[in-house]
Amino acid sequence: MKMQEELNEFFEAKDKNEQVHELADLLEVVYSFALSQATTVEELENIRKIKRGERGGFENKIMLLTVQ
């Protein structure tokens, strides 16, 4: 529920500065989730980098909808 709250605040942000602050809040929630799963922020970041290398990132805003 906290993640959804922070995500909503990000979408409602009026300018870039406010959006960046809301992104920081989202990261805090993600980091809290990681810690609750006995995972460090560093381990989470390493997994992110590996997955990005294997599957790519989201900077081009392309999302795979189906696979045949």
# chains A, B, ... in the order shown; residues from 1 in each chain; ligands from 1
>>> select_by_dssp(residues="range 3-45 of chain A", states="helix (DSSP H, G or I)", output="short mmCIF file (atom, residue, chain, number, x, y, z; two decimals) with N, CA and C atoms, in the first residue's frame")
data_model
loop_
_atom_site.label_atom_id
_atom_site.label_comp_id
_atom_site.auth_asym_id
_atom_site.auth_seq_id
_atom_site.Cartn_x
_atom_site.Cartn_y
_atom_site.Cartn_z
N MET A 3 3.84 1.54 -1.32
CA MET A 3 4.40 1.69 -2.66
C MET A 3 3.40 2.38 -3.58
N GLN A 4 2.14 1.97 -3.51
CA GLN A 4 1.10 2.57 -4.35
C GLN A 4 0.92 4.04 -3.99
N GLU A 5 0.94 4.36 -2.71
CA GLU A 5 0.82 5.74 -2.27
C GLU A 5 1.93 6.60 -2.85
N GLU A 6 3.17 6.11 -2.74
CA GLU A 6 4.30 6.88 -3.25
C GLU A 6 4.26 6.97 -4.78
N LEU A 7 3.83 5.92 -5.45
CA LEU A 7 3.71 5.95 -6.91
C LEU A 7 2.66 6.97 -7.34
N ASN A 8 1.55 7.00 -6.63
CA ASN A 8 0.52 8.01 -6.93
C ASN A 8 1.06 9.42 -6.74
N GLU A 9 1.83 9.63 -5.69
CA GLU A 9 2.43 10.94 -5.45
C GLU A 9 3.40 11.32 -6.57
N PHE A 10 4.13 10.34 -7.08
CA PHE A 10 5.03 10.59 -8.21
C PHE A 10 4.22 11.07 -9.42
N PHE A 11 3.14 10.36 -9.75
CA PHE A 11 2.33 10.73 -10.91
C PHE A 11 1.64 12.07 -10.73
N GLU A 12 1.37 12.45 -9.50
CA GLU A 12 0.70 13.72 -9.22
C GLU A 12 1.67 14.89 -9.09
N LYS A 16 9.63 18.48 -12.26
CA LYS A 16 10.71 17.51 -12.22
C LYS A 16 11.31 17.37 -10.82
N ASN A 17 11.52 18.46 -10.13
CA ASN A 17 12.11 18.42 -8.80
C ASN A 17 11.24 17.60 -7.85
N GLU A 18 9.96 17.83 -7.89
CA GLU A 18 9.03 17.08 -7.04
C GLU A 18 9.01 15.60 -7.43
N GLN A 19 9.07 15.33 -8.74
CA GLN A 19 9.09 13.94 -9.21
C GLN A 19 10.33 13.22 -8.70
N VAL A 20 11.47 13.88 -8.74
CA VAL A 20 12.71 13.27 -8.27
C VAL A 20 12.61 12.94 -6.78
N HIS A 21 12.01 13.83 -6.01
CA HIS A 21 11.84 13.57 -4.58
C HIS A 21 10.90 12.38 -4.36
N GLU A 22 9.88 12.27 -5.16
CA GLU A 22 8.97 11.13 -5.04
C GLU A 22 9.65 9.83 -5.47
N LEU A 23 10.53 9.89 -6.47
CA LEU A 23 11.31 8.72 -6.85
C LEU A 23 12.20 8.25 -5.69
N ALA A 24 12.76 9.21 -4.97
CA ALA A 24 13.57 8.86 -3.81
C ALA A 24 12.72 8.15 -2.76
N ASP A 25 11.49 8.60 -2.57
CA ASP A 25 10.59 7.93 -1.64
C ASP A 25 10.27 6.51 -2.11
N LEU A 26 10.07 6.35 -3.41
CA LEU A 26 9.82 5.01 -3.96
C LEU A 26 11.02 4.09 -3.70
N LEU A 27 12.22 4.61 -3.88
CA LEU A 27 13.42 3.82 -3.60
C LEU A 27 13.48 3.39 -2.14
N GLU A 28 13.09 4.29 -1.25
CA GLU A 28 13.09 3.94 0.17
C GLU A 28 12.16 2.77 0.44
N VAL A 29 11.01 2.75 -0.22
CA VAL A 29 10.08 1.64 -0.05
C VAL A 29 10.69 0.36 -0.61
N VAL A 30 11.28 0.43 -1.80
CA VAL A 30 11.91 -0.75 -2.41
C VAL A 30 13.04 -1.25 -1.51
N TYR A 31 13.86 -0.36 -1.00
CA TYR A 31 14.96 -0.77 -0.13
C TYR A 31 14.43 -1.44 1.14
N SER A 32 13.35 -0.93 1.65
CA SER A 32 12.72 -1.53 2.83
C SER A 32 12.23 -2.95 2.52
N PHE A 33 11.64 -3.13 1.35
CA PHE A 33 11.21 -4.46 0.92
C PHE A 33 12.41 -5.39 0.84
N ALA A 34 13.50 -4.91 0.25
CA ALA A 34 14.70 -5.73 0.10
C ALA A 34 15.22 -6.17 1.47
N LEU A 35 15.29 -5.24 2.38
CA LEU A 35 15.78 -5.57 3.72
C LEU A 35 14.86 -6.57 4.42
N SER A 36 13.56 -6.46 4.19
CA SER A 36 12.63 -7.40 4.81
C SER A 36 12.78 -8.80 4.24
N VAL A 41 20.79 -3.70 -0.26
CA VAL A 41 20.61 -2.79 -1.38
C VAL A 41 21.65 -3.10 -2.46
N GLU A 42 22.85 -3.42 -2.05
CA GLU A 42 23.92 -3.75 -2.99
C GLU A 42 23.58 -5.02 -3.79
N GLU A 43 23.06 -6.04 -3.09
CA GLU A 43 22.69 -7.26 -3.79
C GLU A 43 21.55 -7.00 -4.77
N LEU A 44 20.59 -6.21 -4.35
CA LEU A 44 19.48 -5.84 -5.22
C LEU A 44 20.00 -5.12 -6.47
N GLU A 45 20.92 -4.20 -6.29
CA GLU A 45 21.50 -3.47 -7.41
C GLU A 45 22.28 -4.39 -8.34
#
>>> atom_distance(atom1="CA of Asn46 in chain A", atom2="CA of Met1 in chain A")
26.0 Å
>>> decode(residues="range 10-54 of chain A", atoms="N, CA and C atoms", output="PDB file, in the first residue's frame")
ATOM      1  N   PHE A  10       4.134  10.338  -7.080  1.00  0.00           N
ATOM      2  CA  PHE A  10       5.026  10.589  -8.212  1.00  0.00           C
ATOM      3  C   PHE A  10       4.223  11.066  -9.420  1.00  0.00           C
ATOM      4  N   PHE A  11       3.141  10.360  -9.746  1.00  0.00           N
ATOM      5  CA  PHE A  11       2.334  10.726 -10.910  1.00  0.00           C
ATOM      6  C   PHE A  11       1.639  12.071 -10.728  1.00  0.00           C
ATOM      7  N   GLU A  12       1.367  12.454  -9.500  1.00  0.00           N
ATOM      8  CA  GLU A  12       0.699  13.721  -9.220  1.00  0.00           C
ATOM      9  C   GLU A  12       1.672  14.891  -9.087  1.00  0.00           C
ATOM     10  N   ALA A  13       2.968  14.608  -9.059  1.00  0.00           N
ATOM     11  CA  ALA A  13       3.981  15.654  -8.884  1.00  0.00           C
ATOM     12  C   ALA A  13       3.874  16.681 -10.006  1.00  0.00           C
ATOM     13  N   LYS A  14       4.055  17.932  -9.648  1.00  0.00           N
ATOM     14  CA  LYS A  14       3.854  19.040 -10.588  1.00  0.00           C
ATOM     15  C   LYS A  14       5.068  19.340 -11.457  1.00  0.00           C
ATOM     16  N   ASP A  15       6.267  19.061 -10.953  1.00  0.00           N
ATOM     17  CA  ASP A  15       7.467  19.397 -11.718  1.00  0.00           C
ATOM     18  C   ASP A  15       8.549  18.346 -11.496  1.00  0.00           C
ATOM     19  N   LYS A  16       9.631  18.483 -12.255  1.00  0.00           N
ATOM     20  CA  LYS A  16      10.713  17.510 -12.217  1.00  0.00           C
ATOM     21  C   LYS A  16      11.311  17.372 -10.824  1.00  0.00           C
ATOM     22  N   ASN A  17      11.520  18.463 -10.135  1.00  0.00           N
ATOM     23  CA  ASN A  17      12.109  18.421  -8.799  1.00  0.00           C
ATOM     24  C   ASN A  17      11.236  17.605  -7.847  1.00  0.00           C
ATOM     25  N   GLU A  18       9.957  17.831  -7.891  1.00  0.00           N
ATOM     26  CA  GLU A  18       9.030  17.082  -7.039  1.00  0.00           C
ATOM     27  C   GLU A  18       9.008  15.603  -7.433  1.00  0.00           C
ATOM     28  N   GLN A  19       9.067  15.332  -8.740  1.00  0.00           N
ATOM     29  CA  GLN A  19       9.095  13.944  -9.208  1.00  0.00           C
ATOM     30  C   GLN A  19      10.334  13.215  -8.700  1.00  0.00           C
ATOM     31  N   VAL A  20      11.472  13.884  -8.735  1.00  0.00           N
ATOM     32  CA  VAL A  20      12.712  13.268  -8.268  1.00  0.00           C
ATOM     33  C   VAL A  20      12.609  12.943  -6.778  1.00  0.00           C
ATOM     34  N   HIS A  21      12.012  13.832  -6.008  1.00  0.00           N
ATOM     35  CA  HIS A  21      11.836  13.568  -4.581  1.00  0.00           C
ATOM     36  C   HIS A  21      10.900  12.377  -4.358  1.00  0.00           C
ATOM     37  N   GLU A  22       9.882  12.266  -5.162  1.00  0.00           N
ATOM     38  CA  GLU A  22       8.967  11.127  -5.044  1.00  0.00           C
ATOM     39  C   GLU A  22       9.654   9.834  -5.466  1.00  0.00           C
ATOM     40  N   LEU A  23      10.531   9.892  -6.470  1.00  0.00           N
ATOM     41  CA  LEU A  23      11.308   8.715  -6.851  1.00  0.00           C
ATOM     42  C   LEU A  23      12.196   8.251  -5.689  1.00  0.00           C
ATOM     43  N   ALA A  24      12.756   9.212  -4.973  1.00  0.00           N
ATOM     44  CA  ALA A  24      13.574   8.865  -3.806  1.00  0.00           C
ATOM     45  C   ALA A  24      12.721   8.151  -2.759  1.00  0.00           C
ATOM     46  N   ASP A  25      11.490   8.603  -2.574  1.00  0.00           N
ATOM     47  CA  ASP A  25      10.590   7.934  -1.638  1.00  0.00           C
ATOM     48  C   ASP A  25      10.268   6.515  -2.106  1.00  0.00           C
ATOM     49  N   LEU A  26      10.065   6.349  -3.415  1.00  0.00           N
ATOM     50  CA  LEU A  26       9.822   5.010  -3.960  1.00  0.00           C
ATOM     51  C   LEU A  26      11.021   4.092  -3.700  1.00  0.00           C
ATOM     52  N   LEU A  27      12.219   4.612  -3.883  1.00  0.00           N
ATOM     53  CA  LEU A  27      13.416   3.817  -3.604  1.00  0.00           C
ATOM     54  C   LEU A  27      13.478   3.394  -2.143  1.00  0.00           C
ATOM     55  N   GLU A  28      13.094   4.288  -1.255  1.00  0.00           N
ATOM     56  CA  GLU A  28      13.089   3.943   0.173  1.00  0.00           C
ATOM     57  C   GLU A  28      12.163   2.771   0.442  1.00  0.00           C
ATOM     58  N   VAL A  29      11.011   2.748  -0.219  1.00  0.00           N
ATOM     59  CA  VAL A  29      10.079   1.638  -0.049  1.00  0.00           C
ATOM     60  C   VAL A  29      10.686   0.359  -0.612  1.00  0.00           C
ATOM     61  N   VAL A  30      11.276   0.427  -1.799  1.00  0.00           N
ATOM     62  CA  VAL A  30      11.912  -0.752  -2.407  1.00  0.00           C
ATOM     63  C   VAL A  30      13.037  -1.252  -1.512  1.00  0.00           C
ATOM     64  N   TYR A  31      13.864  -0.363  -1.002  1.00  0.00           N
ATOM     65  CA  TYR A  31      14.964  -0.771  -0.133  1.00  0.00           C
ATOM     66  C   TYR A  31      14.431  -1.437   1.137  1.00  0.00           C
ATOM     67  N   SER A  32      13.346  -0.935   1.654  1.00  0.00           N
ATOM     68  CA  SER A  32      12.724  -1.534   2.833  1.00  0.00           C
ATOM     69  C   SER A  32      12.235  -2.946   2.524  1.00  0.00           C
ATOM     70  N   PHE A  33      11.635  -3.126   1.347  1.00  0.00           N
ATOM     71  CA  PHE A  33      11.213  -4.459   0.925  1.00  0.00           C
ATOM     72  C   PHE A  33      12.414  -5.390   0.836  1.00  0.00           C
ATOM     73  N   ALA A  34      13.495  -4.913   0.253  1.00  0.00           N
ATOM     74  CA  ALA A  34      14.698  -5.731   0.102  1.00  0.00           C
ATOM     75  C   ALA A  34      15.216  -6.173   1.472  1.00  0.00           C
ATOM     76  N   LEU A  35      15.294  -5.236   2.384  1.00  0.00           N
ATOM     77  CA  LEU A  35      15.784  -5.567   3.723  1.00  0.00           C
ATOM     78  C   LEU A  35      14.864  -6.566   4.421  1.00  0.00           C
ATOM     79  N   SER A  36      13.561  -6.457   4.192  1.00  0.00           N
ATOM     80  CA  SER A  36      12.627  -7.397   4.813  1.00  0.00           C
ATOM     81  C   SER A  36      12.782  -8.805   4.244  1.00  0.00           C
ATOM     82  N   GLN A  37      13.424  -8.920   3.094  1.00  0.00           N
ATOM     83  CA  GLN A  37      13.692 -10.212   2.472  1.00  0.00           C
ATOM     84  C   GLN A  37      15.143 -10.645   2.681  1.00  0.00           C
ATOM     85  N   ALA A  38      15.808 -10.024   3.646  1.00  0.00           N
ATOM     86  CA  ALA A  38      17.203 -10.322   3.978  1.00  0.00           C
ATOM     87  C   ALA A  38      18.122 -10.130   2.777  1.00  0.00           C
ATOM     88  N   THR A  39      17.831  -9.118   1.976  1.00  0.00           N
ATOM     89  CA  THR A  39      18.632  -8.765   0.813  1.00  0.00           C
ATOM     90  C   THR A  39      19.164  -7.350   1.013  1.00  0.00           C
ATOM     91  N   THR A  40      20.430  -7.152   0.703  1.00  0.00           N
ATOM     92  CA  THR A  40      20.997  -5.817   0.834  1.00  0.00           C
ATOM     93  C   THR A  40      20.676  -4.980  -0.405  1.00  0.00           C
ATOM     94  N   VAL A  41      20.790  -3.699  -0.255  1.00  0.00           N
ATOM     95  CA  VAL A  41      20.606  -2.786  -1.382  1.00  0.00           C
ATOM     96  C   VAL A  41      21.645  -3.097  -2.459  1.00  0.00           C
ATOM     97  N   GLU A  42      22.855  -3.424  -2.049  1.00  0.00           N
ATOM     98  CA  GLU A  42      23.923  -3.754  -2.993  1.00  0.00           C
ATOM     99  C   GLU A  42      23.583  -5.024  -3.787  1.00  0.00           C
ATOM    100  N   GLU A  43      23.063  -6.036  -3.094  1.00  0.00           N
ATOM    101  CA  GLU A  43      22.686  -7.264  -3.789  1.00  0.00           C
ATOM    102  C   GLU A  43      21.551  -7.001  -4.769  1.00  0.00           C
ATOM    103  N   LEU A  44      20.593  -6.212  -4.346  1.00  0.00           N
ATOM    104  CA  LEU A  44      19.482  -5.842  -5.220  1.00  0.00           C
ATOM    105  C   LEU A  44      19.999  -5.123  -6.468  1.00  0.00           C
ATOM    106  N   GLU A  45      20.922  -4.205  -6.288  1.00  0.00           N
ATOM    107  CA  GLU A  45      21.500  -3.467  -7.410  1.00  0.00           C
ATOM    108  C   GLU A  45      22.284  -4.390  -8.345  1.00  0.00           C
ATOM    109  N   ASN A  46      23.012  -5.345  -7.784  1.00  0.00           N
ATOM    110  CA  ASN A  46      23.746  -6.304  -8.615  1.00  0.00           C
ATOM    111  C   ASN A  46      22.790  -7.142  -9.453  1.00  0.00           C
ATOM    112  N   ILE A  47      21.693  -7.590  -8.869  1.00  0.00           N
ATOM    113  CA  ILE A  47      20.694  -8.359  -9.605  1.00  0.00           C
ATOM    114  C   ILE A  47      20.084  -7.508 -10.711  1.00  0.00           C
ATOM    115  N   ARG A  48      19.809  -6.240 -10.409  1.00  0.00           N
ATOM    116  CA  ARG A  48      19.256  -5.325 -11.407  1.00  0.00           C
ATOM    117  C   ARG A  48      20.194  -5.200 -12.599  1.00  0.00           C
ATOM    118  N   LYS A  49      21.484  -5.048 -12.326  1.00  0.00           N
ATOM    119  CA  LYS A  49      22.475  -4.900 -13.400  1.00  0.00           C
ATOM    120  C   LYS A  49      22.560  -6.160 -14.252  1.00  0.00           C
ATOM    121  N   ILE A  50      22.531  -7.305 -13.617  1.00  0.00           N
ATOM    122  CA  ILE A  50      22.579  -8.574 -14.357  1.00  0.00           C
ATOM    123  C   ILE A  50      21.358  -8.695 -15.255  1.00  0.00           C
ATOM    124  N   LYS A  51      20.180  -8.439 -14.704  1.00  0.00           N
ATOM    125  CA  LYS A  51      18.948  -8.541 -15.490  1.00  0.00           C
ATOM    126  C   LYS A  51      18.943  -7.536 -16.636  1.00  0.00           C
ATOM    127  N   ARG A  52      19.447  -6.345 -16.383  1.00  0.00           N
ATOM    128  CA  ARG A  52      19.527  -5.325 -17.436  1.00  0.00           C
ATOM    129  C   ARG A  52      20.438  -5.787 -18.560  1.00  0.00           C
ATOM    130  N   GLY A  53      21.574  -6.413 -18.179  1.00  0.00           N
ATOM    131  CA  GLY A  53      22.496  -6.926 -19.181  1.00  0.00           C
ATOM    132  C   GLY A  53      21.888  -8.042 -20.019  1.00  0.00           C
ATOM    133  N   GLU A  54      21.074  -8.863 -19.383  1.00  0.00           N
ATOM    134  CA  GLU A  54      20.451  -9.991 -20.078  1.00  0.00           C
ATOM    135  C   GLU A  54      19.226  -9.577 -20.890  1.00  0.00           C
TER     136      GLU A  54
END
